[in-house]
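Shown below: target-v3.cif, with mmCIF, C-alpha atoms and all ligand atoms.
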data_protein
#
loop_
_atom_site.group_PDB
_atom_site.id
_atom_site.type_symbol
_atom_site.label_atom_id
_atom_site.label_comp_id
_atom_site.auth_asym_id
_atom_site.auth_seq_id
_atom_site.Cartn_x
_atom_site.Cartn_y
_atom_site.Cartn_z
ATOM 1 C CA MET A 283 0.000 0.000 0.000
ATOM 2 C CA GLN A 284 1.287 3.412 -0.962
ATOM 3 C CA VAL A 285 0.824 6.335 1.435
ATOM 4 C CA ILE A 286 0.646 9.672 -0.381
ATOM 5 C CA HIS A 287 0.591 13.126 1.200
ATOM 6 C CA GLU A 288 0.898 15.314 -1.919
ATOM 7 C CA ILE A 289 -2.117 16.307 -4.031
ATOM 8 C CA GLU A 290 -0.402 16.031 -7.430
ATOM 9 C CA GLU A 291 1.109 12.661 -6.560
ATOM 10 C CA ALA A 292 -2.311 11.342 -5.516
ATOM 11 C CA ARG A 293 -3.926 12.513 -8.774
ATOM 12 C CA HIS A 294 -1.072 10.969 -10.741
ATOM 13 C CA TRP A 295 -1.587 7.648 -8.896
ATOM 14 C CA VAL A 296 -5.269 7.520 -9.935
ATOM 15 C CA ARG A 297 -4.542 8.517 -13.547
ATOM 16 C CA THR A 298 -1.776 5.914 -13.840
ATOM 17 C CA ALA A 299 -4.093 3.166 -12.541
ATOM 18 C CA GLN A 300 -6.778 4.264 -15.014
ATOM 19 C CA GLN A 301 -4.273 4.326 -17.910
ATOM 20 C CA GLN A 302 -3.538 0.708 -17.039
ATOM 21 C CA GLY A 303 -7.237 -0.050 -17.519
ATOM 22 C CA GLN A 304 -8.075 -0.202 -13.803
ATOM 23 C CA ARG A 305 -11.331 1.043 -12.385
ATOM 24 C CA VAL A 306 -10.576 3.126 -9.281
ATOM 25 C CA GLY A 307 -12.744 3.300 -6.150
ATOM 26 C CA VAL A 308 -12.268 5.946 -3.470
ATOM 27 C CA VAL A 309 -13.353 5.703 0.170
ATOM 28 C CA PRO A 310 -13.279 9.151 1.844
ATOM 29 C CA THR A 311 -12.756 8.973 5.631
ATOM 30 C CA MET A 312 -11.554 11.093 8.522
ATOM 31 C CA GLY A 313 -9.511 8.169 9.867
ATOM 32 C CA ALA A 314 -9.959 6.513 13.274
ATOM 33 C CA LEU A 315 -10.926 3.575 11.137
ATOM 34 C CA HIS A 316 -13.138 0.731 12.362
ATOM 35 C CA ALA A 317 -14.918 -2.235 10.831
ATOM 36 C CA GLY A 318 -17.558 0.092 9.350
ATOM 37 C CA HIS A 319 -14.893 1.804 7.233
ATOM 38 C CA LEU A 320 -13.417 -1.570 6.313
ATOM 39 C CA SER A 321 -16.827 -2.615 4.983
ATOM 40 C CA LEU A 322 -16.716 0.414 2.627
ATOM 41 C CA VAL A 323 -13.217 -0.621 1.531
ATOM 42 C CA HIS A 324 -14.488 -4.169 1.033
ATOM 43 C CA ALA A 325 -17.384 -2.897 -1.114
ATOM 44 C CA ALA A 326 -14.891 -0.856 -3.152
ATOM 45 C CA ARG A 327 -12.689 -3.905 -3.685
ATOM 46 C CA GLN A 328 -15.702 -5.898 -4.901
ATOM 47 C CA SER A 329 -16.414 -3.566 -7.807
ATOM 48 C CA CYS A 330 -13.120 -1.758 -8.478
ATOM 49 C CA ASP A 331 -9.612 -2.835 -9.464
ATOM 50 C CA ALA A 332 -7.757 -0.316 -7.321
ATOM 51 C CA VAL A 333 -8.915 1.253 -4.047
ATOM 52 C CA ALA A 334 -7.784 4.571 -2.583
ATOM 53 C CA VAL A 335 -8.732 5.568 0.974
ATOM 54 C CA THR A 336 -8.523 9.201 2.026
ATOM 55 C CA ILE A 337 -7.729 10.017 5.652
ATOM 56 C CA PHE A 338 -8.244 13.688 6.431
ATOM 57 C CA VAL A 339 -9.863 15.273 9.487
ATOM 58 C CA ASN A 340 -11.527 18.105 7.636
ATOM 59 C CA PRO A 341 -11.497 21.242 9.813
ATOM 60 C CA THR A 342 -14.119 23.103 7.762
ATOM 61 C CA GLN A 343 -16.918 20.696 8.708
ATOM 62 C CA PHE A 344 -16.472 21.334 12.448
ATOM 63 C CA ALA A 345 -17.881 24.400 14.199
ATOM 64 C CA PRO A 346 -15.522 26.137 16.685
ATOM 65 C CA HIS A 347 -17.284 24.515 19.695
ATOM 66 C CA GLU A 348 -17.226 21.010 18.183
ATOM 67 C CA ASP A 349 -14.740 18.170 18.697
ATOM 68 C CA LEU A 350 -12.118 18.973 15.993
ATOM 69 C CA GLN A 351 -9.258 19.068 18.509
ATOM 70 C CA ARG A 352 -10.213 15.870 20.291
ATOM 71 C CA TYR A 353 -11.252 14.007 17.108
ATOM 72 C CA PRO A 354 -9.130 10.828 17.177
ATOM 73 C CA ARG A 355 -6.086 10.892 14.889
ATOM 74 C CA THR A 356 -4.718 7.367 14.658
ATOM 75 C CA LEU A 357 -2.885 7.207 11.321
ATOM 76 C CA LYS A 358 -0.452 4.474 12.354
ATOM 77 C CA GLU A 359 -3.248 2.168 13.570
ATOM 78 C CA ASP A 360 -5.390 3.079 10.534
ATOM 79 C CA LEU A 361 -2.637 2.010 8.129
ATOM 80 C CA GLN A 362 -2.146 -1.227 10.066
ATOM 81 C CA LEU A 363 -5.878 -1.930 9.973
ATOM 82 C CA LEU A 364 -6.054 -1.310 6.236
ATOM 83 C CA GLY A 365 -3.079 -3.604 5.594
ATOM 84 C CA ASP A 366 -3.247 -4.590 1.948
ATOM 85 C CA GLN A 367 -7.011 -3.903 1.653
ATOM 86 C CA ALA A 368 -6.345 -0.596 -0.122
ATOM 87 C CA GLN A 369 -3.685 0.098 -2.719
ATOM 88 C CA MET A 370 -3.275 3.747 -1.777
ATOM 89 C CA VAL A 371 -3.953 6.045 1.176
ATOM 90 C CA PHE A 372 -4.109 9.799 0.575
ATOM 91 C CA THR A 373 -3.545 11.753 3.762
ATOM 92 C CA PRO A 374 -2.907 15.461 3.162
ATOM 93 C CA THR A 375 -2.359 18.163 5.779
ATOM 94 C CA PRO A 376 -4.956 20.921 6.392
ATOM 95 C CA GLU A 377 -2.439 23.392 4.879
ATOM 96 C CA GLN A 378 -2.310 21.414 1.633
ATOM 97 C CA MET A 379 -6.089 21.233 1.380
ATOM 98 C CA TYR A 380 -6.667 24.826 2.503
ATOM 99 C CA PRO A 381 -3.594 26.883 1.592
ATOM 100 C CA PRO A 382 -3.394 30.603 2.437
ATOM 101 C CA GLY A 383 -5.898 32.501 0.297
ATOM 102 C CA PHE A 384 -8.321 29.574 -0.014
ATOM 103 C CA SER A 385 -11.771 31.161 -0.289
ATOM 104 C CA THR A 386 -14.131 29.027 -2.388
ATOM 105 C CA SER A 387 -16.785 26.712 -0.976
ATOM 106 C CA VAL A 388 -19.721 24.655 -2.193
ATOM 107 C CA ASP A 389 -23.168 25.959 -1.289
ATOM 108 C CA PRO A 390 -24.764 22.647 -0.292
ATOM 109 C CA PRO A 391 -28.082 21.523 -1.820
ATOM 110 C CA SER A 392 -31.447 22.063 -0.111
ATOM 111 C CA VAL A 393 -31.433 18.556 1.403
ATOM 112 C CA ALA A 394 -28.648 19.866 3.684
ATOM 113 C CA ARG A 395 -30.824 22.509 5.359
ATOM 114 C CA ASP A 396 -32.815 20.562 7.930
ATOM 115 C CA LEU A 397 -31.768 18.007 10.608
ATOM 116 C CA GLU A 398 -27.928 18.133 10.791
ATOM 117 C CA GLY A 399 -28.150 21.446 8.946
ATOM 118 C CA VAL A 400 -30.039 22.959 11.909
ATOM 119 C CA ALA A 401 -27.897 21.391 14.613
ATOM 120 C CA ARG A 402 -24.637 22.026 12.733
ATOM 121 C CA PRO A 403 -25.283 24.981 10.368
ATOM 122 C CA HIS A 404 -21.852 25.036 8.656
ATOM 123 C CA HIS A 405 -21.270 21.305 8.598
ATOM 124 C CA PHE A 406 -22.488 20.394 5.110
ATOM 125 C CA ARG A 407 -20.763 23.348 3.446
ATOM 126 C CA GLY A 408 -17.521 21.909 4.800
ATOM 127 C CA VAL A 409 -18.428 18.351 3.821
ATOM 128 C CA ALA A 410 -19.556 19.246 0.284
ATOM 129 C CA THR A 411 -16.448 21.359 -0.283
ATOM 130 C CA VAL A 412 -13.974 18.757 0.912
ATOM 131 C CA VAL A 413 -15.734 15.885 -0.891
ATOM 132 C CA LEU A 414 -15.704 17.857 -4.158
ATOM 133 C CA LYS A 415 -12.018 18.628 -3.629
ATOM 134 C CA LEU A 416 -11.217 14.983 -2.877
ATOM 135 C CA LEU A 417 -13.095 13.881 -6.006
ATOM 136 C CA GLN A 418 -11.114 16.417 -8.060
ATOM 137 C CA ILE A 419 -7.834 15.230 -6.600
ATOM 138 C CA LEU A 420 -8.806 11.558 -6.983
ATOM 139 C CA PRO A 421 -10.940 11.405 -10.149
ATOM 140 C CA ALA A 422 -12.153 7.863 -9.355
ATOM 141 C CA GLU A 423 -14.955 6.051 -11.173
ATOM 142 C CA ARG A 424 -16.729 5.247 -7.885
ATOM 143 C CA ALA A 425 -16.868 6.730 -4.384
ATOM 144 C CA PHE A 426 -18.212 4.816 -1.380
ATOM 145 C CA PHE A 427 -20.212 6.416 1.445
ATOM 146 C CA GLY A 428 -21.882 4.855 4.482
ATOM 147 C CA GLN A 429 -25.640 5.105 5.004
ATOM 148 C CA LYS A 430 -25.035 5.818 8.684
ATOM 149 C CA ASP A 431 -24.469 9.459 7.665
ATOM 150 C CA PHE A 432 -27.628 9.315 5.579
ATOM 151 C CA GLN A 433 -28.077 13.055 5.128
ATOM 152 C CA GLN A 434 -24.420 13.398 4.131
ATOM 153 C CA LEU A 435 -24.994 10.679 1.526
ATOM 154 C CA CYS A 436 -28.030 12.616 0.171
ATOM 155 C CA VAL A 437 -25.998 15.849 0.066
ATOM 156 C CA VAL A 438 -23.114 14.203 -1.793
ATOM 157 C CA GLN A 439 -25.434 12.436 -4.267
ATOM 158 C CA GLN A 440 -27.272 15.688 -5.050
ATOM 159 C CA MET A 441 -24.036 17.703 -5.349
ATOM 160 C CA VAL A 442 -22.550 15.158 -7.750
ATOM 161 C CA ARG A 443 -25.732 15.246 -9.863
ATOM 162 C CA ASP A 444 -26.028 19.041 -9.807
ATOM 163 C CA LEU A 445 -22.374 19.743 -10.566
ATOM 164 C CA ASP A 446 -21.941 16.914 -13.118
ATOM 165 C CA VAL A 447 -19.120 15.297 -11.211
ATOM 166 C CA PRO A 448 -18.249 12.167 -13.222
ATOM 167 C CA VAL A 449 -18.312 9.678 -10.366
ATOM 168 C CA GLU A 450 -20.788 7.045 -9.219
ATOM 169 C CA ILE A 451 -21.701 7.396 -5.549
ATOM 170 C CA VAL A 452 -22.155 3.953 -3.981
ATOM 171 C CA PRO A 453 -24.167 3.870 -0.718
ATOM 172 C CA CYS A 454 -23.112 1.156 1.752
ATOM 173 C CA PRO A 455 -25.170 -0.226 4.674
ATOM 174 C CA THR A 456 -24.449 0.752 8.283
ATOM 175 C CA LEU A 457 -22.287 -1.711 10.191
ATOM 176 C CA ARG A 458 -23.328 -2.424 13.778
ATOM 177 C CA ASP A 459 -21.761 -3.978 16.842
ATOM 178 C CA PRO A 460 -23.465 -7.234 17.964
ATOM 179 C CA ASP A 461 -25.648 -5.242 20.412
ATOM 180 C CA GLY A 462 -26.858 -3.021 17.546
ATOM 181 C CA LEU A 463 -24.859 0.165 18.210
ATOM 182 C CA ALA A 464 -23.926 1.729 14.863
ATOM 183 C CA MET A 465 -20.156 1.746 14.448
ATOM 184 C CA SER A 466 -18.700 5.237 14.727
ATOM 185 C CA SER A 467 -15.286 6.713 15.413
ATOM 186 C CA ARG A 468 -16.961 8.693 18.217
ATOM 187 C CA ASN A 469 -18.075 5.521 20.088
ATOM 188 C CA ARG A 470 -14.606 5.390 21.622
ATOM 189 C CA TYR A 471 -15.539 8.461 23.712
ATOM 190 C CA LEU A 472 -18.319 6.497 25.508
ATOM 191 C CA SER A 473 -17.836 5.036 29.002
ATOM 192 C CA GLY A 474 -19.365 1.595 29.702
ATOM 193 C CA GLN A 475 -22.489 3.150 31.180
ATOM 194 C CA GLN A 476 -22.818 5.690 28.371
ATOM 195 C CA ARG A 477 -22.524 2.894 25.827
ATOM 196 C CA GLU A 478 -25.507 1.214 27.489
ATOM 197 C CA SER A 479 -27.464 4.493 27.202
ATOM 198 C CA ALA A 480 -26.387 4.849 23.578
ATOM 199 C CA LEU A 481 -28.282 1.648 22.783
ATOM 200 C CA GLY A 482 -31.376 3.815 23.210
ATOM 201 C CA LEU A 483 -30.816 5.066 19.660
ATOM 202 C CA ILE A 484 -31.002 1.662 17.971
ATOM 203 C CA ARG A 485 -33.808 0.541 20.275
ATOM 204 C CA ALA A 486 -35.869 3.636 19.397
ATOM 205 C CA LEU A 487 -35.220 3.060 15.687
ATOM 206 C CA ARG A 488 -36.111 -0.643 15.849
ATOM 207 C CA HIS A 489 -39.229 0.172 17.862
ATOM 208 C CA THR A 490 -40.268 2.594 15.107
ATOM 209 C CA ALA A 491 -39.657 -0.006 12.393
ATOM 210 C CA GLU A 492 -41.734 -2.553 14.306
ATOM 211 C CA ARG A 493 -44.586 -0.072 14.848
ATOM 212 C CA VAL A 494 -44.612 0.803 11.133
ATOM 213 C CA ALA A 495 -44.514 -2.907 10.205
ATOM 214 C CA SER A 496 -47.523 -3.515 12.456
ATOM 215 C CA GLY A 497 -49.523 -0.710 10.844
ATOM 216 C CA GLN A 498 -48.793 2.540 12.721
ATOM 217 C CA ARG A 499 -48.535 5.265 10.093
ATOM 218 C CA CYS A 500 -48.935 8.477 12.118
ATOM 219 C CA VAL A 501 -45.566 10.240 12.297
ATOM 220 C CA ALA A 502 -46.513 12.277 15.394
ATOM 221 C CA VAL A 503 -47.186 9.029 17.295
ATOM 222 C CA LEU A 504 -43.999 7.386 15.998
ATOM 223 C CA GLU A 505 -41.876 10.416 16.923
ATOM 224 C CA SER A 506 -43.347 10.677 20.401
ATOM 225 C CA GLU A 507 -42.665 6.976 20.997
ATOM 226 C CA MET A 508 -39.061 7.408 19.799
ATOM 227 C CA GLN A 509 -38.593 10.189 22.351
ATOM 228 C CA GLY A 510 -40.075 7.858 24.985
ATOM 229 C CA VAL A 511 -37.576 5.054 24.236
ATOM 230 C CA LEU A 512 -34.681 7.531 24.295
ATOM 231 C CA ALA A 513 -35.892 8.924 27.646
ATOM 232 C CA GLN A 514 -36.062 5.385 29.077
ATOM 233 C CA HIS A 515 -32.336 5.164 28.318
ATOM 234 C CA GLY A 516 -31.616 8.436 30.093
ATOM 235 C CA ILE A 517 -31.119 10.324 26.820
ATOM 236 C CA GLU A 518 -32.583 13.785 27.260
ATOM 237 C CA ARG A 519 -30.579 15.988 24.920
ATOM 238 C CA ILE A 520 -32.110 15.074 21.573
ATOM 239 C CA ASP A 521 -31.377 17.189 18.468
ATOM 240 C CA TYR A 522 -33.972 15.259 16.483
ATOM 241 C CA ALA A 523 -35.835 11.949 16.547
ATOM 242 C CA THR A 524 -37.933 12.019 13.447
ATOM 243 C CA VAL A 525 -39.480 10.150 10.523
ATOM 244 C CA ARG A 526 -38.880 11.705 7.101
ATOM 245 C CA ASP A 527 -39.349 11.115 3.400
ATOM 246 C CA ARG A 528 -36.361 9.043 2.354
ATOM 247 C CA THR A 529 -35.497 11.060 -0.756
ATOM 248 C CA THR A 530 -36.130 14.655 0.247
ATOM 249 C CA LEU A 531 -35.759 14.242 4.041
ATOM 250 C CA GLN A 532 -38.834 16.481 4.328
ATOM 251 C CA PRO A 533 -41.278 16.001 7.245
ATOM 252 C CA LEU A 534 -44.210 13.607 6.806
ATOM 253 C CA VAL A 535 -47.647 13.473 8.400
ATOM 254 C CA ASN A 536 -48.115 9.776 7.650
ATOM 255 C CA VAL A 537 -45.715 7.094 6.463
ATOM 256 C CA THR A 538 -46.970 6.160 3.026
ATOM 257 C CA GLY A 539 -43.917 5.235 0.959
ATOM 258 C CA ALA A 540 -40.151 4.968 1.395
ATOM 259 C CA ALA A 541 -39.339 6.708 4.665
ATOM 260 C CA ILE A 542 -36.492 6.851 7.142
ATOM 261 C CA ALA A 543 -36.294 7.286 10.904
ATOM 262 C CA LEU A 544 -33.354 9.448 11.989
ATOM 263 C CA ILE A 545 -31.965 10.329 15.417
ATOM 264 C CA ALA A 546 -29.249 12.676 16.627
ATOM 265 C CA ALA A 547 -28.780 12.768 20.381
ATOM 266 C CA HIS A 548 -26.167 13.473 23.007
ATOM 267 C CA VAL A 549 -24.883 10.815 25.380
ATOM 268 C CA GLY A 550 -22.639 12.559 27.873
ATOM 269 C CA THR A 551 -20.510 14.894 25.771
ATOM 270 C CA THR A 552 -20.725 12.664 22.695
ATOM 271 C CA ARG A 553 -23.166 13.413 19.896
ATOM 272 C CA LEU A 554 -24.389 10.276 18.136
ATOM 273 C CA ILE A 555 -26.466 9.834 14.985
ATOM 274 C CA ASP A 556 -28.202 6.789 13.566
ATOM 275 C CA ASN A 557 -31.061 5.954 11.200
ATOM 276 C CA TRP A 558 -33.238 3.107 9.989
ATOM 277 C CA LEU A 559 -34.921 2.654 6.603
ATOM 278 C CA LEU A 560 -38.675 2.133 6.993
ATOM 279 C CA GLU A 561 -40.628 -0.028 4.598
ATOM 280 C CA VAL A 562 -44.366 0.217 4.133
ATOM 281 C CA GLY A 563 -45.539 -3.215 2.904
HETATM 282 O O1 LIG B 601 -18.039 10.890 6.693
HETATM 283 C C1 LIG B 601 -16.888 11.368 6.864
HETATM 284 O O2 LIG B 601 -16.016 10.713 7.428
HETATM 285 C C2 LIG B 601 -16.585 12.773 6.398
HETATM 286 O O3 LIG B 601 -17.684 13.607 6.542
HETATM 287 C C3 LIG B 601 -16.049 12.820 4.940
HETATM 288 C C4 LIG B 601 -17.082 12.329 3.948
HETATM 289 C C5 LIG B 601 -14.796 11.970 4.848
HETATM 290 C C6 LIG B 601 -15.696 14.262 4.576
HETATM 291 O O4 LIG B 601 -14.745 14.788 5.434
#
Can you present the structure in this file as structure tokens?
Amino acid sequence: MQVIHEIEEARHWVRTAQQQGQRVGVVPTMGALHAGHLSLVHAARQSCDAVAVTIFVNPTQFAPHEDLQRYPRTLKEDLQLLGDQAQMVFTPTPEQMYPPGFSTSVDPPSVARDLEGVARPHHFRGVATVVLKLLQILPAERAFFGQKDFQQLCVVQQMVRDLDVPVEIVPCPTLRDPDGLAMSSRNRYLSGQQRESALGLIRALRHTAERVASGQRCVAVLESEMQGVLAQHGIERIDYATVRDRTTLQPLVNVTGAAIALIAAHVGTTRLIDNWLLEVG
């Protein structure tokens, strides 16, 4: 596996692979890799000939009060974990990505406005900008994103469509620990007791899926029950616990078609998000 820090060298690596007839897949990450990231790398290996992973803790998607400073940076362990799963890792510095004078950003699409967009108003501008930059630096045929960050996936898909970026965005299912907790680099902040509380998220989501499967369609009822399950787990600081249209992420009165339940909540000082696709039979 080649580790590349320079932008031009990374672009050259992708172009060389493509000139050799290889289809390139890119997996953008902020490092602190876990099995969830490895599942994205695995998906990339399944459908591409060469896989590049990016490891970059992007400062522009964190607000000043958020956890940029304490966000885990574990490059050595990340490279060990990747082993020979990826052919290349691109890990630039913030100064390379945002040199003095940098002043352009992507105005994210409307699907970015609600949910995370309310709780973290500048977040998706930072995400859209860095993802577009990474896709320019690594002009891969495919890019792999986890469904755990479902709104981020929607934002990236819409941006790529709107700006004619020649890449296929491949959504990948959320990986969970055996007890159901969605894998996240931030789970390492949780104490044993907080981890138990954090299971409130998956339990609230599963409860919602079961209620929909057994015929409950009223979103107000579903949302109130989600809040109830979270409260039972001692989770009181909830940014949202909601059921939305799966394409637009707009609010619904009743679940009639493809929908999604989404939660963002705080457990101790850690903010967790999770979601569950809802099917109406
Ligand atoms: O999902 C992430 O890890 C980040 O938001 C991404 C897509 C790598 C952009 O920094």
Looking at all atoms listed in the file, which of A:Val409, A:Leu420, A:Leu457, A:Leu559 is the one that sits closest to Phe344 (chain A)?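 Comparing A:Val409, A:Leu420, A:Leu457, A:Leu559 against Phe344 (chain A), the winner is A:Val409.
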Resolved residues for the PyMOL selection byres (((not hetatm)) within 8 of (chain B and resi 601)) as a ChimeraX atom specification: /A:309-313,336-340,343,408-410,412-413,427-428,431,434
List the residues selected by the PyMOL selection byres (((chain A and resi 419) around 10) and not hetatm) in the file shown, writing them as a PDB file with C-alpha atoms, in the coordinates of the input.
ATOM      1  CA  GLU A 288       0.898  15.314  -1.919  1.00  0.00           C
ATOM      2  CA  ILE A 289      -2.117  16.307  -4.031  1.00  0.00           C
ATOM      3  CA  GLU A 290      -0.402  16.031  -7.430  1.00  0.00           C
ATOM      4  CA  GLU A 291       1.109  12.661  -6.560  1.00  0.00           C
ATOM      5  CA  ALA A 292      -2.311  11.342  -5.516  1.00  0.00           C
ATOM      6  CA  ARG A 293      -3.926  12.513  -8.774  1.00  0.00           C
ATOM      7  CA  HIS A 294      -1.072  10.969 -10.741  1.00  0.00           C
ATOM      8  CA  VAL A 296      -5.269   7.520  -9.935  1.00  0.00           C
ATOM      9  CA  PHE A 372      -4.109   9.799   0.575  1.00  0.00           C
ATOM     10  CA  VAL A 413     -15.734  15.885  -0.891  1.00  0.00           C
ATOM     11  CA  LEU A 414     -15.704  17.857  -4.158  1.00  0.00           C
ATOM     12  CA  LYS A 415     -12.018  18.628  -3.629  1.00  0.00           C
ATOM     13  CA  LEU A 416     -11.217  14.983  -2.877  1.00  0.00           C
ATOM     14  CA  LEU A 417     -13.095  13.881  -6.006  1.00  0.00           C
ATOM     15  CA  GLN A 418     -11.114  16.417  -8.060  1.00  0.00           C
ATOM     16  CA  LEU A 420      -8.806  11.558  -6.983  1.00  0.00           C
ATOM     17  CA  PRO A 421     -10.940  11.405 -10.149  1.00  0.00           C
ATOM     18  CA  ALA A 422     -12.153   7.863  -9.355  1.00  0.00           C
TER      19      ALA A 422
END
Measuring between all atoms listed in the file, which one of A:Thr375, A:Gln302, A:Gln439, A:Asn557 shows the shortest distance to Val393 (chain A)?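 That would be A:Gln439, the residue with the smallest distance to Val393 (chain A).
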Resolved residues for the PyMOL selection byres (((chain A and resi 426) around 9) and not hetatm) as a PyMOL selection string: chain A and resi 307-310+322-323+325-326+424-425+427-428+450-454
Rank A:Ser506, A:Ala334, A:His319, A:Val525 by their smallest atom-to-atom distance to Trp295 (chain A), using all atoms listed in the file, and report the top residue only.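 Closest residue, counting all atoms listed in the file: A:Ala334.
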CA of Val437 (chain A) and CA of Pro455 (chain A) are how many Å apart? 16.7 Å
If we count all atoms listed in the file, what is near region 346-362 of chain A at a cut-off of 12 Å, once residues fewer than 3 positions away on the same chain are taken out, given as a PyMOL selection string? chain A and resi 283-286+311-317+319-320+335-343+365-374+401-405+466-471+551-553
CA of Val494 (chain A) to CA of Pro391 (chain A): how many Å, to one decimal?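 Spanning CA of Val494 (chain A) to CA of Pro391 (chain A) is a straight-line distance of 29.5 Å.
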Expressed in Å, the length from CA of Gly539 (chain A) to CA of His489 (chain A) is 18.3 Å
Extract, using all atoms listed in the file, all DNA, RNA and protein residues at most 12 Å from Gln498 (chain A), discarding same-chain residues fewer than 5 positions from it, and format them as a short mmCIF file (atom, residue, chain, number, x, y, z; two decimals) with C-alpha atoms, in the frame of the given file.
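So the final result, stored in around_9.cif, reads:
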data_model
loop_
_atom_site.label_atom_id
_atom_site.label_comp_id
_atom_site.auth_asym_id
_atom_site.auth_seq_id
_atom_site.Cartn_x
_atom_site.Cartn_y
_atom_site.Cartn_z
CA HIS A 489 -39.23 0.17 17.86
CA THR A 490 -40.27 2.59 15.11
CA ALA A 491 -39.66 -0.01 12.39
CA GLU A 492 -41.73 -2.55 14.31
CA ARG A 493 -44.59 -0.07 14.85
CA VAL A 503 -47.19 9.03 17.30
CA LEU A 504 -44.00 7.39 16.00
CA GLU A 505 -41.88 10.42 16.92
CA GLU A 507 -42.66 6.98 21.00
CA VAL A 535 -47.65 13.47 8.40
CA ASN A 536 -48.12 9.78 7.65
CA VAL A 537 -45.72 7.09 6.46
CA THR A 538 -46.97 6.16 3.03
CA LEU A 560 -38.67 2.13 6.99
CA GLU A 561 -40.63 -0.03 4.60
CA VAL A 562 -44.37 0.22 4.13
CA GLY A 563 -45.54 -3.22 2.90
#
Which residues, written as a ChimeraX atom specification, have at least one atom at most 8 Å from Cys436 (chain A), with all atoms listed in the file counted and residues fewer than 4 positions away on the same chain left out? /A:393,432,440,529
